>>> print(open('model.txt').read())   # compact mmCIF, C-alpha atoms
# COMPACT_ATOMS: atom_id res chain seq x y z
CA PHE A 26 0.00 0.00 0.00
CA THR A 27 1.29 3.43 -0.99
CA ALA A 28 -0.60 6.25 0.69
CA PRO A 29 -1.47 9.48 -1.17
CA PRO A 30 0.40 12.54 0.20
CA THR A 31 -2.26 13.81 2.65
CA LEU A 32 -3.04 10.33 3.91
CA ALA A 33 0.68 9.55 4.27
CA ARG A 34 1.00 12.52 6.63
CA PHE A 35 -2.12 11.31 8.42
CA MET A 36 -0.60 7.86 8.98
CA LYS A 37 2.80 9.17 10.09
CA SER A 38 1.31 11.53 12.67
CA GLU A 39 1.68 10.58 16.33
CA ALA A 40 -1.25 12.77 17.47
CA TYR A 41 -3.70 11.07 19.81
CA GLY A 42 -6.63 11.84 17.50
CA ARG A 43 -6.40 12.12 13.73
CA VAL A 44 -9.08 12.95 11.18
CA ALA A 45 -8.74 12.47 7.42
CA ALA A 46 -11.35 14.44 5.48
CA GLY A 47 -11.77 14.61 1.73
CA PRO A 48 -13.96 13.87 -1.28
CA VAL A 49 -15.57 10.52 -2.00
CA GLY A 50 -13.24 7.95 -3.51
CA SER A 51 -10.08 9.57 -2.19
CA GLY A 52 -8.74 6.48 -0.39
CA LYS A 53 -9.59 7.45 3.19
CA THR A 54 -11.12 4.12 4.20
CA THR A 55 -8.22 2.10 2.83
CA ALA A 56 -5.68 4.35 4.55
CA CYS A 57 -7.45 3.92 7.90
CA LEU A 58 -7.59 0.15 7.42
CA ILE A 59 -3.88 -0.06 6.67
CA GLU A 60 -3.07 2.31 9.53
CA LEU A 61 -4.96 0.12 12.02
CA LEU A 62 -3.11 -2.90 10.64
CA ARG A 63 0.23 -1.08 10.85
CA ARG A 64 -0.34 -0.08 14.47
CA SER A 65 -1.26 -3.69 15.28
CA VAL A 66 2.03 -4.90 13.77
CA MET A 67 3.97 -2.22 15.70
CA GLN A 68 2.65 -3.45 19.07
CA LYS A 69 5.43 -4.68 21.33
CA PRO A 70 5.28 -8.48 21.77
CA ALA A 71 3.97 -9.88 25.04
CA PRO A 72 6.11 -12.35 27.03
CA ASP A 73 4.52 -15.22 25.06
CA GLY A 74 5.79 -13.66 21.81
CA TYR A 75 2.46 -12.45 20.41
CA ARG A 76 1.42 -8.86 19.64
CA TYR A 77 -2.01 -8.30 21.20
CA THR A 78 -4.29 -5.38 20.26
CA ARG A 79 -8.03 -4.76 20.23
CA HIS A 80 -9.65 -1.97 18.20
CA ALA A 81 -13.24 -0.74 17.84
CA VAL A 82 -14.38 0.03 14.31
CA VAL A 83 -17.32 2.40 14.81
CA ARG A 84 -20.00 3.69 12.45
CA GLN A 85 -23.61 4.80 12.74
CA THR A 86 -25.14 1.48 11.68
CA LEU A 87 -23.94 -2.11 11.43
CA GLN A 88 -25.34 -2.34 7.91
CA SER A 89 -23.13 0.53 6.71
CA LEU A 90 -20.11 -1.01 8.49
CA LYS A 91 -20.61 -4.30 6.68
CA ALA A 92 -21.32 -2.66 3.34
CA THR A 93 -18.21 -0.48 3.35
CA VAL A 94 -15.49 -1.19 5.91
CA LEU A 95 -15.96 -4.96 6.06
CA LYS A 96 -15.87 -5.23 2.25
CA ASP A 97 -12.52 -3.43 2.21
CA CYS A 98 -11.23 -5.61 5.04
CA GLU A 99 -12.20 -8.72 3.07
CA THR A 100 -10.38 -7.38 0.01
CA TRP A 101 -7.20 -6.33 1.77
CA LEU A 102 -6.95 -8.84 4.64
CA CYS A 103 -9.26 -11.85 4.42
CA SER A 104 -8.45 -12.60 0.77
CA ARG A 105 -4.75 -12.69 1.70
CA GLY A 106 -5.28 -15.03 4.63
CA LEU A 107 -4.46 -12.33 7.19
CA ALA A 108 -7.86 -12.15 8.90
CA GLN A 109 -11.07 -14.06 9.61
CA TRP A 110 -14.55 -12.56 10.04
CA LYS A 111 -16.70 -14.05 12.80
CA ILE A 112 -20.35 -13.18 12.23
CA SER A 113 -21.50 -14.19 15.71
CA GLU A 114 -19.06 -11.76 17.32
CA SER A 115 -19.20 -8.98 14.66
CA CYS A 116 -15.46 -9.14 14.98
CA LEU A 117 -12.58 -9.38 12.50
CA HIS A 118 -9.74 -11.47 13.91
CA VAL A 119 -6.45 -10.39 12.34
CA LEU A 120 -4.19 -13.43 12.74
CA PHE A 121 -0.83 -13.83 10.98
CA ASP A 122 2.74 -14.37 12.12
CA ASP A 123 2.84 -13.07 15.71
CA VAL A 124 -0.09 -10.60 15.32
CA ARG A 125 -3.23 -11.26 17.36
CA SER A 126 -5.58 -8.34 16.81
CA GLU A 127 -9.35 -8.09 17.32
CA TRP A 128 -11.29 -5.51 15.30
CA ILE A 129 -14.74 -5.23 16.85
CA PHE A 130 -17.35 -3.75 14.50
CA LEU A 131 -19.55 -1.56 16.63
CA PRO A 132 -22.61 0.39 15.40
CA LEU A 133 -24.14 3.20 17.43
CA GLU A 134 -27.77 2.57 16.54
CA ASP A 135 -29.24 2.38 20.05
CA ALA A 136 -28.54 2.57 23.77
CA ALA A 137 -27.47 -1.10 23.89
CA ASP A 138 -24.68 -0.43 21.38
CA GLN A 139 -23.41 2.50 23.42
CA ALA A 140 -23.56 0.45 26.62
CA ARG A 141 -21.46 -2.22 24.91
CA LEU A 142 -18.86 0.39 24.03
CA LEU A 143 -18.65 1.54 27.64
CA SER A 144 -17.74 -1.96 28.79
CA MET A 145 -14.84 -2.49 26.40
CA GLN A 146 -11.10 -2.54 27.02
CA LEU A 147 -9.53 -1.22 23.81
CA THR A 148 -6.23 -0.26 22.23
CA GLY A 149 -7.55 2.10 19.58
CA ALA A 150 -10.65 3.12 17.66
CA TRP A 151 -11.49 3.89 14.05
CA LEU A 152 -14.47 6.18 13.53
CA SER A 153 -15.69 5.54 10.00
CA GLU A 154 -17.57 8.52 8.50
CA CYS A 155 -17.38 10.24 11.86
CA ILE A 156 -19.69 13.15 10.94
CA GLU A 157 -22.61 10.68 10.83
CA MET A 158 -22.20 10.27 14.60
CA ASP A 159 -22.86 12.63 17.47
CA LEU A 160 -19.70 14.55 18.39
CA ASP A 161 -20.30 13.58 22.02
CA ILE A 162 -19.20 10.03 21.19
CA LEU A 163 -15.56 11.15 21.41
CA GLY A 164 -15.65 11.20 25.21
CA PRO A 165 -16.97 7.65 25.76
CA VAL A 166 -14.66 6.26 23.06
CA SER A 167 -11.59 7.99 24.52
CA GLY A 168 -12.38 6.58 27.94
CA ARG A 169 -11.97 3.00 26.67
CA LEU A 170 -8.66 3.42 24.83
CA GLY A 171 -5.18 2.50 26.04
CA ARG A 172 -6.63 -0.25 28.27
CA TYR A 173 -5.58 -3.27 26.21
CA PRO A 174 -3.26 -5.12 26.36
CA SER A 175 -2.68 -5.09 30.10
CA GLY A 176 -1.29 -7.28 32.85
CA ALA A 177 0.73 -10.25 31.62
CA ARG A 178 0.33 -9.13 28.00
CA GLY A 179 2.12 -5.84 28.58
CA ASN A 180 0.98 -2.32 27.67
CA PRO A 181 -0.24 -0.74 24.41
CA THR A 182 2.63 0.58 22.28
CA TRP A 183 0.13 2.95 20.62
CA HIS A 184 -3.38 4.02 21.49
CA GLY A 185 -5.62 6.66 19.98
CA ILE A 186 -8.42 7.51 17.57
CA ILE A 187 -8.32 7.62 13.79
CA ALA A 188 -11.30 8.90 11.79
CA ASP A 189 -12.28 9.37 8.18
CA THR A 190 -15.05 11.50 6.77
CA ASN A 191 -16.38 13.68 4.01
CA MET A 192 -16.66 17.37 4.83
CA PRO A 193 -19.44 18.26 7.30
CA VAL A 194 -22.21 20.83 7.18
CA ASP A 195 -20.83 24.31 7.75
CA MET A 196 -21.12 25.54 11.38
CA SER A 197 -22.17 22.07 12.56
CA PRO A 198 -20.58 20.65 15.74
CA TRP A 199 -18.12 18.63 13.65
CA ALA A 200 -17.23 21.66 11.50
CA ASN A 201 -16.54 23.67 14.65
CA PHE A 202 -14.45 20.78 16.00
CA PHE A 203 -12.34 20.63 12.83
CA THR A 204 -11.75 24.39 12.74
CA ASN A 205 -10.87 24.49 16.46
CA ILE A 206 -9.07 21.17 16.69
CA PRO A 207 -7.82 20.23 20.21
CA ALA A 208 -4.10 20.33 20.93
CA ASP A 209 -3.68 16.53 20.85
CA TRP A 210 -5.58 16.13 17.58
CA GLN A 211 -4.70 16.77 13.93
CA PHE A 212 -6.98 17.42 10.97
CA PHE A 213 -5.81 16.32 7.50
CA HIS A 214 -7.78 17.84 4.63
CA GLN A 215 -7.44 16.28 1.20
CA PRO A 216 -7.69 18.48 -1.93
CA SER A 217 -10.74 18.69 -4.15
CA GLY A 218 -11.37 15.83 -6.54
CA MET A 219 -11.24 18.38 -9.38
CA SER A 220 -7.96 20.01 -8.33
CA PRO A 221 -4.57 19.22 -9.94
CA GLU A 222 -3.50 17.73 -6.58
CA ALA A 223 -6.49 15.36 -6.32
CA GLU A 224 -5.54 12.09 -4.65
CA ASN A 225 -6.24 8.46 -5.58
CA LEU A 226 -7.01 9.25 -9.23
CA ASN A 227 -4.69 6.41 -10.25
CA PHE A 228 -7.16 3.85 -8.91
CA LEU A 229 -10.59 5.33 -9.69
CA VAL A 230 -12.75 3.85 -12.51
CA GLN A 231 -9.73 2.55 -14.42
CA THR A 232 -10.11 0.42 -17.54
CA ASP A 233 -8.07 -2.66 -18.50
CA GLN A 234 -5.94 -0.40 -20.67
CA THR A 235 -5.37 2.51 -18.27
CA ILE A 236 -4.68 0.34 -15.19
CA SER A 237 -1.65 -1.10 -16.96
CA LEU A 238 -0.13 2.37 -17.45
CA PRO A 239 2.51 3.64 -14.99
CA ILE A 240 1.37 5.43 -11.83
CA ASP A 241 0.66 9.13 -12.47
CA HIS A 242 0.58 8.65 -16.25
CA PRO A 243 -1.52 11.54 -17.66
CA VAL A 244 -3.96 9.17 -19.39
CA ARG A 245 -4.40 7.16 -16.19
CA LEU A 246 -5.01 10.31 -14.15
CA ALA A 247 -7.48 11.63 -16.76
CA GLN A 248 -9.42 8.38 -16.55
CA GLY A 249 -9.61 8.68 -12.75
CA ARG A 250 -10.76 12.29 -13.05
CA LEU A 251 -13.86 11.10 -14.92
CA TYR A 252 -15.12 9.75 -11.59
CA TYR A 253 -15.51 13.31 -10.29
CA LYS A 254 -16.44 14.95 -13.60
CA ARG A 255 -19.52 12.75 -13.83
CA PHE A 256 -20.74 14.11 -10.50
CA THR A 257 -20.24 17.74 -11.53
CA GLU A 258 -22.04 17.14 -14.83
CA MET A 259 -24.86 15.25 -13.11
CA TYR A 260 -25.51 17.70 -10.26
CA GLY A 261 -23.76 20.91 -11.35
CA ASN A 262 -20.87 22.72 -9.68
CA ASP A 263 -23.25 24.68 -7.43
CA SER A 264 -25.00 21.67 -5.90
CA ASP A 265 -24.70 21.05 -2.18
CA TRP A 266 -23.64 17.45 -2.80
CA VAL A 267 -20.81 18.37 -5.18
CA LYS A 268 -19.54 21.08 -2.86
CA ARG A 269 -19.04 18.67 0.04
CA TYR A 270 -18.37 15.33 -1.64
CA VAL A 271 -16.35 16.41 -4.70
CA PHE A 272 -14.83 19.81 -3.92
CA SER A 273 -14.22 18.79 -0.26
CA GLU A 274 -15.63 22.01 1.19
CA TYR A 275 -17.93 22.80 4.10
CA GLY A 276 -21.48 23.12 2.81
CA ASP A 277 -25.14 22.30 3.27
CA ASP A 278 -26.92 19.01 3.77
CA PRO A 279 -27.65 17.78 0.21
CA SER A 280 -30.79 15.94 1.34
CA GLY A 281 -32.99 19.01 1.05
CA ALA A 282 -33.24 22.55 -0.29
CA ALA A 283 -32.60 25.99 1.16
CA VAL A 284 -35.84 27.72 2.20
CA PHE A 285 -34.88 31.10 0.70
CA LYS A 286 -32.78 29.75 -2.17
CA ASN A 287 -34.44 31.85 -4.87
CA THR A 288 -34.67 35.19 -3.05
CA PHE A 289 -31.74 35.43 -0.63
CA LYS A 290 -28.54 36.74 -2.21
CA PRO A 291 -25.63 36.74 0.28
CA ASN A 292 -23.63 39.35 -1.62
CA PHE A 293 -26.65 41.66 -1.64
CA HIS A 294 -28.44 41.11 1.68
CA ILE A 295 -25.42 40.58 3.93
CA VAL A 296 -23.49 43.75 4.75
CA ASN A 297 -20.24 44.21 6.63
CA GLU A 298 -21.66 46.83 8.98
CA THR A 299 -25.05 48.10 10.07
CA LEU A 300 -25.67 51.54 11.58
CA LEU A 301 -28.12 52.16 14.38
CA ILE A 302 -30.77 54.72 13.43
CA PRO A 303 -31.33 57.22 16.30
CA GLY A 304 -34.94 57.57 17.43
CA TYR A 305 -36.15 54.27 16.02
CA PRO A 306 -36.87 51.44 18.49
CA LEU A 307 -35.16 48.07 18.50
CA ILE A 308 -37.40 45.16 17.55
CA ILE A 309 -36.21 41.90 19.07
CA GLY A 310 -37.31 38.55 17.67
CA GLN A 311 -37.57 35.98 20.44
CA ASP A 312 -37.87 32.21 20.29
CA PHE A 313 -38.78 30.15 23.35
CA GLY A 314 -38.13 26.59 24.55
CA ARG A 315 -34.69 25.41 25.68
CA ASN A 316 -32.97 27.33 22.88
CA PRO A 317 -34.46 30.84 23.26
CA TRP A 318 -32.34 32.70 20.70
CA SER A 319 -32.86 36.45 20.30
CA LEU A 320 -32.40 38.65 17.25
CA ILE A 321 -31.87 42.40 17.63
CA CYS A 322 -33.32 44.32 14.67
CA GLN A 323 -34.49 47.82 13.73
CA SER A 324 -36.83 49.26 11.16
CA ASP A 325 -35.62 52.58 9.74
CA HIS A 326 -37.32 55.61 8.17
CA MET A 327 -37.17 54.04 4.70
CA GLY A 328 -38.99 50.89 5.75
CA ARG A 329 -35.89 48.72 5.68
CA LEU A 330 -35.39 45.96 8.24
CA ILE A 331 -31.87 46.12 9.65
CA VAL A 332 -30.68 43.03 11.52
CA HIS A 333 -27.91 44.10 13.88
CA GLU A 334 -27.07 41.16 16.10
CA GLU A 335 -28.06 37.68 17.20
CA VAL A 336 -27.91 36.56 20.82
CA PRO A 337 -27.41 32.76 21.00
CA ALA A 338 -28.96 30.52 23.65
CA THR A 339 -28.46 26.76 23.80
CA ASN A 340 -30.02 24.46 26.40
CA ILE A 341 -30.92 27.30 28.74
CA GLY A 342 -34.15 28.65 30.18
CA LEU A 343 -35.69 31.92 29.03
CA GLU A 344 -35.16 33.84 32.27
CA ARG A 345 -31.54 32.86 32.56
CA HIS A 346 -30.95 33.74 28.90
CA VAL A 347 -32.48 37.18 29.34
CA GLN A 348 -30.52 37.95 32.52
CA GLU A 349 -27.17 36.54 31.37
CA ASN A 350 -27.20 37.13 27.61
CA LEU A 351 -29.87 39.47 26.26
CA LYS A 352 -30.00 42.19 28.92
CA PRO A 353 -26.21 42.67 29.04
CA ARG A 354 -26.25 43.23 25.26
CA LEU A 355 -29.13 45.70 25.44
CA LEU A 356 -27.41 47.61 28.26
CA SER A 357 -24.12 47.85 26.38
CA ASP A 358 -22.95 51.18 25.01
CA ARG A 359 -24.11 50.18 21.51
CA TYR A 360 -27.80 49.93 22.39
CA LEU A 361 -28.08 52.04 25.54
CA GLY A 362 -30.92 54.54 25.35
CA PHE A 363 -32.92 52.85 22.58
CA LYS A 364 -36.53 51.89 23.19
CA ILE A 365 -37.18 48.21 22.70
CA ALA A 366 -40.05 45.87 21.92
CA ILE A 367 -39.90 42.08 21.82
CA VAL A 368 -42.00 40.10 19.36
CA GLY A 369 -42.02 36.39 20.12
CA ASP A 370 -43.33 32.98 19.29
CA PRO A 371 -47.13 33.07 19.83
CA SER A 372 -46.94 29.76 21.67
CA GLY A 373 -45.36 31.74 24.52
CA VAL A 374 -48.78 32.96 25.66
CA ALA A 375 -49.48 29.56 27.25
CA LYS A 376 -49.29 29.47 31.04
CA GLY A 377 -46.77 27.13 32.64
CA SER A 378 -48.00 23.89 34.25
CA ILE A 379 -46.27 24.78 37.54
CA ALA A 380 -46.22 28.57 37.77
CA GLU A 381 -49.14 30.70 36.57
CA GLU A 382 -46.87 32.63 34.22
CA SER A 383 -46.39 32.62 30.47
CA CYS A 384 -43.17 33.43 28.60
CA PHE A 385 -44.54 36.88 27.80
CA ASP A 386 -45.46 37.42 31.45
CA ALA A 387 -41.88 36.54 32.40
CA LEU A 388 -40.43 38.99 29.87
CA LYS A 389 -42.63 41.80 31.16
CA ARG A 390 -41.71 40.93 34.74
CA MET A 391 -38.06 41.36 33.75
CA GLY A 392 -38.80 44.81 32.37
CA LEU A 393 -38.97 43.94 28.68
CA PRO A 394 -42.14 44.93 26.77
CA ALA A 395 -43.19 41.92 24.73
CA PHE A 396 -46.07 40.77 22.54
CA PRO A 397 -46.75 37.68 20.41
CA ALA A 398 -46.27 37.65 16.65
CA PRO A 399 -49.57 37.83 14.68
CA THR A 400 -49.44 34.14 13.73
CA ASN A 401 -47.43 30.97 14.08
CA ASP A 402 -48.49 29.58 10.70
CA ILE A 403 -45.39 28.90 8.64
CA GLU A 404 -46.79 30.14 5.32
CA PRO A 405 -47.34 33.81 6.29
CA ARG A 406 -44.11 33.79 8.27
CA LEU A 407 -42.08 32.74 5.24
CA ARG A 408 -43.99 35.13 2.98
CA ALA A 409 -43.15 38.01 5.32
CA VAL A 410 -39.42 37.30 4.95
CA GLU A 411 -39.74 36.71 1.20
CA ALA A 412 -41.49 40.08 0.81
CA LEU A 413 -38.54 41.89 2.37
CA LEU A 414 -35.98 39.87 0.41
CA GLY A 415 -37.74 40.59 -2.86
CA ARG A 416 -37.85 44.38 -2.42
CA GLN A 417 -35.23 47.03 -3.00
CA THR A 418 -34.95 50.40 -1.33
CA ASN A 419 -32.99 53.15 -3.09
CA GLY A 420 -31.29 50.50 -5.21
CA GLY A 421 -30.18 48.51 -2.18
CA PRO A 422 -31.64 45.69 -0.08
CA THR A 423 -34.70 46.18 2.09
CA LEU A 424 -33.46 43.45 4.44
CA LEU A 425 -29.89 44.01 5.65
CA ILE A 426 -28.07 41.47 7.83
CA ASN A 427 -24.89 42.31 9.71
CA ARG A 428 -22.19 39.80 8.75
CA SER A 429 -20.16 39.92 11.97
CA GLY A 430 -23.15 40.31 14.29
CA CYS A 431 -25.23 37.49 12.82
CA PRO A 432 -23.02 34.59 11.67
CA TRP A 433 -25.67 31.95 12.41
CA LEU A 434 -28.45 33.86 10.66
CA CYS A 435 -26.20 34.41 7.63
CA ARG A 436 -25.51 30.70 7.54
CA ALA A 437 -29.19 29.82 8.02
CA MET A 438 -30.28 32.09 5.19
CA SER A 439 -27.51 30.81 2.91
CA GLY A 440 -28.78 27.24 3.10
CA GLY A 441 -28.59 25.98 6.67
CA TYR A 442 -32.34 26.54 7.12
CA ARG A 443 -33.83 23.91 4.83
CA PHE A 444 -36.73 21.92 3.55
CA THR A 445 -35.80 18.27 4.08
CA LYS A 446 -36.76 15.45 1.75
CA THR A 447 -39.34 12.74 2.30
CA LYS A 448 -38.50 9.06 1.84
CA GLN A 449 -40.05 9.32 -1.62
CA GLY A 450 -37.61 12.10 -2.57
CA GLY A 451 -40.01 15.06 -2.51
CA LEU A 452 -39.47 18.18 -0.43
CA ARG A 453 -41.45 18.67 2.75
CA THR A 454 -43.61 21.78 2.86
CA VAL A 455 -42.39 22.82 6.33
CA PRO A 456 -38.73 23.70 7.04
CA GLU A 457 -36.74 21.48 9.35
CA LYS A 458 -37.40 22.35 12.99
CA ASN A 459 -34.94 21.96 15.87
CA ASP A 460 -32.12 20.91 13.56
CA LYS A 461 -28.83 19.90 15.19
CA GLU A 462 -27.10 23.12 14.22
CA GLY A 463 -29.89 25.34 15.56
CA PHE A 464 -30.53 27.29 12.35
CA SER A 465 -34.30 27.03 12.77
CA HIS A 466 -34.28 29.05 16.03
CA ILE A 467 -32.63 32.12 14.56
CA ALA A 468 -34.68 31.80 11.35
CA ASP A 469 -37.87 31.78 13.44
CA ASP A 470 -36.77 35.01 15.12
CA LEU A 471 -36.39 36.73 11.76
CA GLN A 472 -39.85 35.55 10.73
CA TYR A 473 -41.49 36.97 13.87
CA VAL A 474 -39.83 40.36 13.30
CA SER A 475 -40.68 40.32 9.58
CA LEU A 476 -44.35 39.69 10.35
>>> encode(input="model.txt", output="C-alpha cells")
Amino acid sequence: FTAPPTLARFMKSEAYGRVAAGPVGSGKTTACLIELLRRSVMQKPAPDGYRYTRHAVVRQTLQSLKATVLKDCETWLCSRGLAQWKISESCLHVLFDDVRSEWIFLPLEDAADQARLLSMQLTGAWLSECIEMDLDILGPVSGRLGRYPSGARGNPTWHGIIADTNMPVDMSPWANFFTNIPADWQFFHQPSGMSPEAENLNFLVQTDQTISLPIDHPVRLAQGRLYYKRFTEMYGNDSDWVKRYVFSEYGDDPSGAAVFKNTFKPNFHIVNETLLIPGYPLIIGQDFGRNPWSLICQSDHMGRLIVHEEVPATNIGLERHVQENLKPRLLSDRYLGFKIAIVGDPSGVAKGSIAEESCFDALKRMGLPAFPAPTNDIEPRLRAVEALLGRQTNGGPTLLINRSGCPWLCRAMSGGYRFTKTKQGGLRTVPEKNDKEGFSHIADDLQYVSL
C-alpha cells in the first residue's frame, strides 16, 4: 500500500486523535484500514511472543459497516489469509505471524450499542464517516482506549483515535471541531477531486488499458478524473452534494433545499456593517423553549429591516438567557438609550404547568415589553421574509443582515435553514425544525420580526 500525500502525513502523525477528510473515492477508508493494521504490527510483543491489540471500528449502523469497511477488510486482509470474520461476534480477527488483533465492528444505533462500548477494554478506535455520529461520542470512546493489552500481556505501544469522513455541514458541531481542533488532535484535509492535486485518481474507474499504465501517467489520471467529472455534470458545480463530496468544502446538507434559495442573495443582503438609526426602536425577535435565541433588529425611516445582532442561547431557560445574555447586550454602550419591543413565538402565551406565568409574562416581569407575533403559521411567516428579500430600497436591499453580528443567521439564510426530503424524494412543505445546528431558532426570530 502506498498512501497518497495527505493520507501519508495522516498515517505518520503521532497525534492522539487524527481525522482524514476529503472527497468521495479519495482512499480514506483504505488508509485507515492499513493504519490500524500497521499499528497492530507495531505493538510490542507480550512475554509469550504475540502482539495483542483490540480496536473498535465504529459507524452509525452495522449495515453501513458491513457494506463499506468490512468489504474493504475482506479485500485487503481476508483474501490474503491475514484475517477471519466471525459473524456471531461482529469481529474481524487479524491473525498472521505473531499478530493477534481483534477488530470489533460496533454500530451506534441504540442505547445497547453505546452500553457495549462503555464496557470495552480497547487499544484504539477507528471512527468511519465520523460526521454521521454525534460529536459527544468522542468522550466515551476515549475513555476505553489505552486499556488493552494489560497485565501479563504488557501495555499498548500505541493508542488513539483515527477517523475518516467527508466534509461536514458548515457551522455544525463537527465543523466547529475541525476548525478548532484540540491540541492533541490533527486534521488532515485532502484536496478537491477536481484540483490538480487530487488524490487516488490512479485507482478510480480505471479500464483494462489505463490500469496497466505507470502510476501518475496523464492518461491514467485523466481516466480517474472522470469519476468526479460525472458528479459535476450530473448535479452541477453549485450543488450542495458536489460542494461537500467532490470539492471537499464545508457546505449544506444535500438531502434538502434551502428555504430562501431563490430570493436570498448573500452578496446583496449581507453587509459588513449596520448603523443604528437614532430615534427608532429596536425590535427583538424571540424564540422560546430550551434554545431561546434572540435577534436584535431595527426598522428605519425608509422601511428597511436592519438586523444588527443575534444573541445565541443553547439548552438554557428563558429567564436565565435574558438575565445573562440578552439584557447585558441591550445595556451595552451600543444599544443604551434605545426603546425596545420584543416580538415572540405566539406559543409563549401559554401558562406554565407549575407557575401561573407565560413566557410573555416573564419577559414583562423582567422589564422587557413583549407581545406575540400575529401568527405561528409557517406560510405567512415565510412570505413576510420573502417580501422583504424581494424588495429594493434606493437601489439597495430592504433586508440588511450584519455579517459579523449574525453569523448563524447568515448561515441559516444561505442554506442551513432547509426543507428536508421525504422518503419518496419530494421536499417537505415545512422547514426542518430543531435541527442539530440550531438554524431554525434564529430563522424563526427573523420571521417573527418580519411579520
>>> closest_residue(input="model.txt", among="A:Gly415, A:Gly42, A:Pro432, A:Gly50", to="Trp210 (chain A)", atoms="only C-alpha atoms")
A:Gly42
>>> residues_around(input="model.txt", residues="region 173-175 of chain A", least_positions_apart="6", cutoff="10 Å", atoms="all atoms listed in the file", output="MDAnalysis selection string")
chainID A and resid 68 71 76:80 145:149 181:182 184
>>> write_last_selection(input="model.txt", atoms="C-alpha atoms", output="short mmCIF file (atom, residue, chain, number, x, y, z; two decimals), in the coordinates of the input")
data_model
loop_
_atom_site.label_atom_id
_atom_site.label_comp_id
_atom_site.auth_asym_id
_atom_site.auth_seq_id
_atom_site.Cartn_x
_atom_site.Cartn_y
_atom_site.Cartn_z
CA GLN A 68 2.65 -3.45 19.07
CA ALA A 71 3.97 -9.88 25.04
CA ARG A 76 1.42 -8.86 19.64
CA TYR A 77 -2.01 -8.30 21.20
CA THR A 78 -4.29 -5.38 20.26
CA ARG A 79 -8.03 -4.76 20.23
CA HIS A 80 -9.65 -1.97 18.20
CA MET A 145 -14.84 -2.49 26.40
CA GLN A 146 -11.10 -2.54 27.02
CA LEU A 147 -9.53 -1.22 23.81
CA THR A 148 -6.23 -0.26 22.23
CA GLY A 149 -7.55 2.10 19.58
CA PRO A 181 -0.24 -0.74 24.41
CA THR A 182 2.63 0.58 22.28
CA HIS A 184 -3.38 4.02 21.49
#
>>> residues_around(input="model.txt", residues="region 298-304 of chain A", least_positions_apart="2", cutoff="12 Å", atoms="all atoms listed in the file", output="PyMOL selection string")
chain A and resi 294-296+306-307+321-334+358-365+424-431
>>> atom_distance(input="model.txt", atom1="CA of Ser319 (chain A)", atom2="CA of Glu381 (chain A)")
23.7 Å
>>> residues_around(input="model.txt", residues="region 56-62 of chain A", least_positions_apart="6", cutoff="10 Å", atoms="all atoms listed in the file", output="PDB file with C-alpha atoms, in the coordinates of the input")
ATOM      1  CA  PHE A  26       0.000   0.000   0.000  1.00  0.00           C
ATOM      2  CA  THR A  27       1.290   3.430  -0.990  1.00  0.00           C
ATOM      3  CA  ALA A  28      -0.600   6.250   0.690  1.00  0.00           C
ATOM      4  CA  PRO A  29      -1.470   9.480  -1.170  1.00  0.00           C
ATOM      5  CA  LEU A  32      -3.040  10.330   3.910  1.00  0.00           C
ATOM      6  CA  ALA A  33       0.680   9.550   4.270  1.00  0.00           C
ATOM      7  CA  PHE A  35      -2.120  11.310   8.420  1.00  0.00           C
ATOM      8  CA  MET A  36      -0.600   7.860   8.980  1.00  0.00           C
ATOM      9  CA  LYS A  37       2.800   9.170  10.090  1.00  0.00           C
ATOM     10  CA  VAL A  44      -9.080  12.950  11.180  1.00  0.00           C
ATOM     11  CA  ALA A  45      -8.740  12.470   7.420  1.00  0.00           C
ATOM     12  CA  THR A  78      -4.290  -5.380  20.260  1.00  0.00           C
ATOM     13  CA  HIS A  80      -9.650  -1.970  18.200  1.00  0.00           C
ATOM     14  CA  VAL A  82     -14.380   0.030  14.310  1.00  0.00           C
ATOM     15  CA  VAL A  94     -15.490  -1.190   5.910  1.00  0.00           C
ATOM     16  CA  LEU A  95     -15.960  -4.960   6.060  1.00  0.00           C
ATOM     17  CA  ASP A  97     -12.520  -3.430   2.210  1.00  0.00           C
ATOM     18  CA  CYS A  98     -11.230  -5.610   5.040  1.00  0.00           C
ATOM     19  CA  TRP A 101      -7.200  -6.330   1.770  1.00  0.00           C
ATOM     20  CA  LEU A 102      -6.950  -8.840   4.640  1.00  0.00           C
ATOM     21  CA  VAL A 119      -6.450 -10.390  12.340  1.00  0.00           C
ATOM     22  CA  VAL A 124      -0.090 -10.600  15.320  1.00  0.00           C
ATOM     23  CA  SER A 126      -5.580  -8.340  16.810  1.00  0.00           C
ATOM     24  CA  TRP A 128     -11.290  -5.510  15.300  1.00  0.00           C
ATOM     25  CA  GLY A 149      -7.550   2.100  19.580  1.00  0.00           C
ATOM     26  CA  ALA A 150     -10.650   3.120  17.660  1.00  0.00           C
ATOM     27  CA  TRP A 151     -11.490   3.890  14.050  1.00  0.00           C
ATOM     28  CA  LEU A 152     -14.470   6.180  13.530  1.00  0.00           C
ATOM     29  CA  SER A 153     -15.690   5.540  10.000  1.00  0.00           C
ATOM     30  CA  ILE A 186      -8.420   7.510  17.570  1.00  0.00           C
ATOM     31  CA  ILE A 187      -8.320   7.620  13.790  1.00  0.00           C
ATOM     32  CA  ALA A 188     -11.300   8.900  11.790  1.00  0.00           C
ATOM     33  CA  ASP A 189     -12.280   9.370   8.180  1.00  0.00           C
TER      34      ASP A 189
END
>>> closest_residue(input="model.txt", among="A:Phe121, A:Trp110, A:Tyr442, A:Tyr473", to="Phe285 (chain A)", atoms="only C-alpha atoms")
A:Tyr442
>>> closest_atom_pairs(input="model.txt", of="region 260-306 of chain A", to="region 407-412 of chain A", cutoff="12 Å", atoms="all atoms listed in the file", output="Markdown table")
| residue | atom | partner | partner_atom | distance |
| --- | --- | --- | --- | --- |
| A:Val284 | CA | A:Leu407 | CA | 8.6 |
| A:Phe285 | CA | A:Glu411 | CA | 7.4 |
| A:Lys286 | CA | A:Glu411 | CA | 10.4 |
| A:Asn287 | CA | A:Glu411 | CA | 9.4 |
| A:Thr288 | CA | A:Glu411 | CA | 6.8 |
| A:Phe289 | CA | A:Glu411 | CA | 8.3 |
| A:Lys290 | CA | A:Glu411 | CA | 11.7 |
>>> write_last_selection(input="model.txt", atoms="C-alpha atoms", output="JSON list (two decimals), in the frame of the given file")
[["chain", "number", "residue", "atom", "x", "y", "z"],
["A", 284, "VAL", "CA", -35.84, 27.72, 2.20],
["A", 285, "PHE", "CA", -34.88, 31.10, 0.70],
["A", 286, "LYS", "CA", -32.78, 29.75, -2.17],
["A", 287, "ASN", "CA", -34.44, 31.85, -4.87],
["A", 288, "THR", "CA", -34.67, 35.19, -3.05],
["A", 289, "PHE", "CA", -31.74, 35.43, -0.63],
["A", 290, "LYS", "CA", -28.54, 36.74, -2.21]]
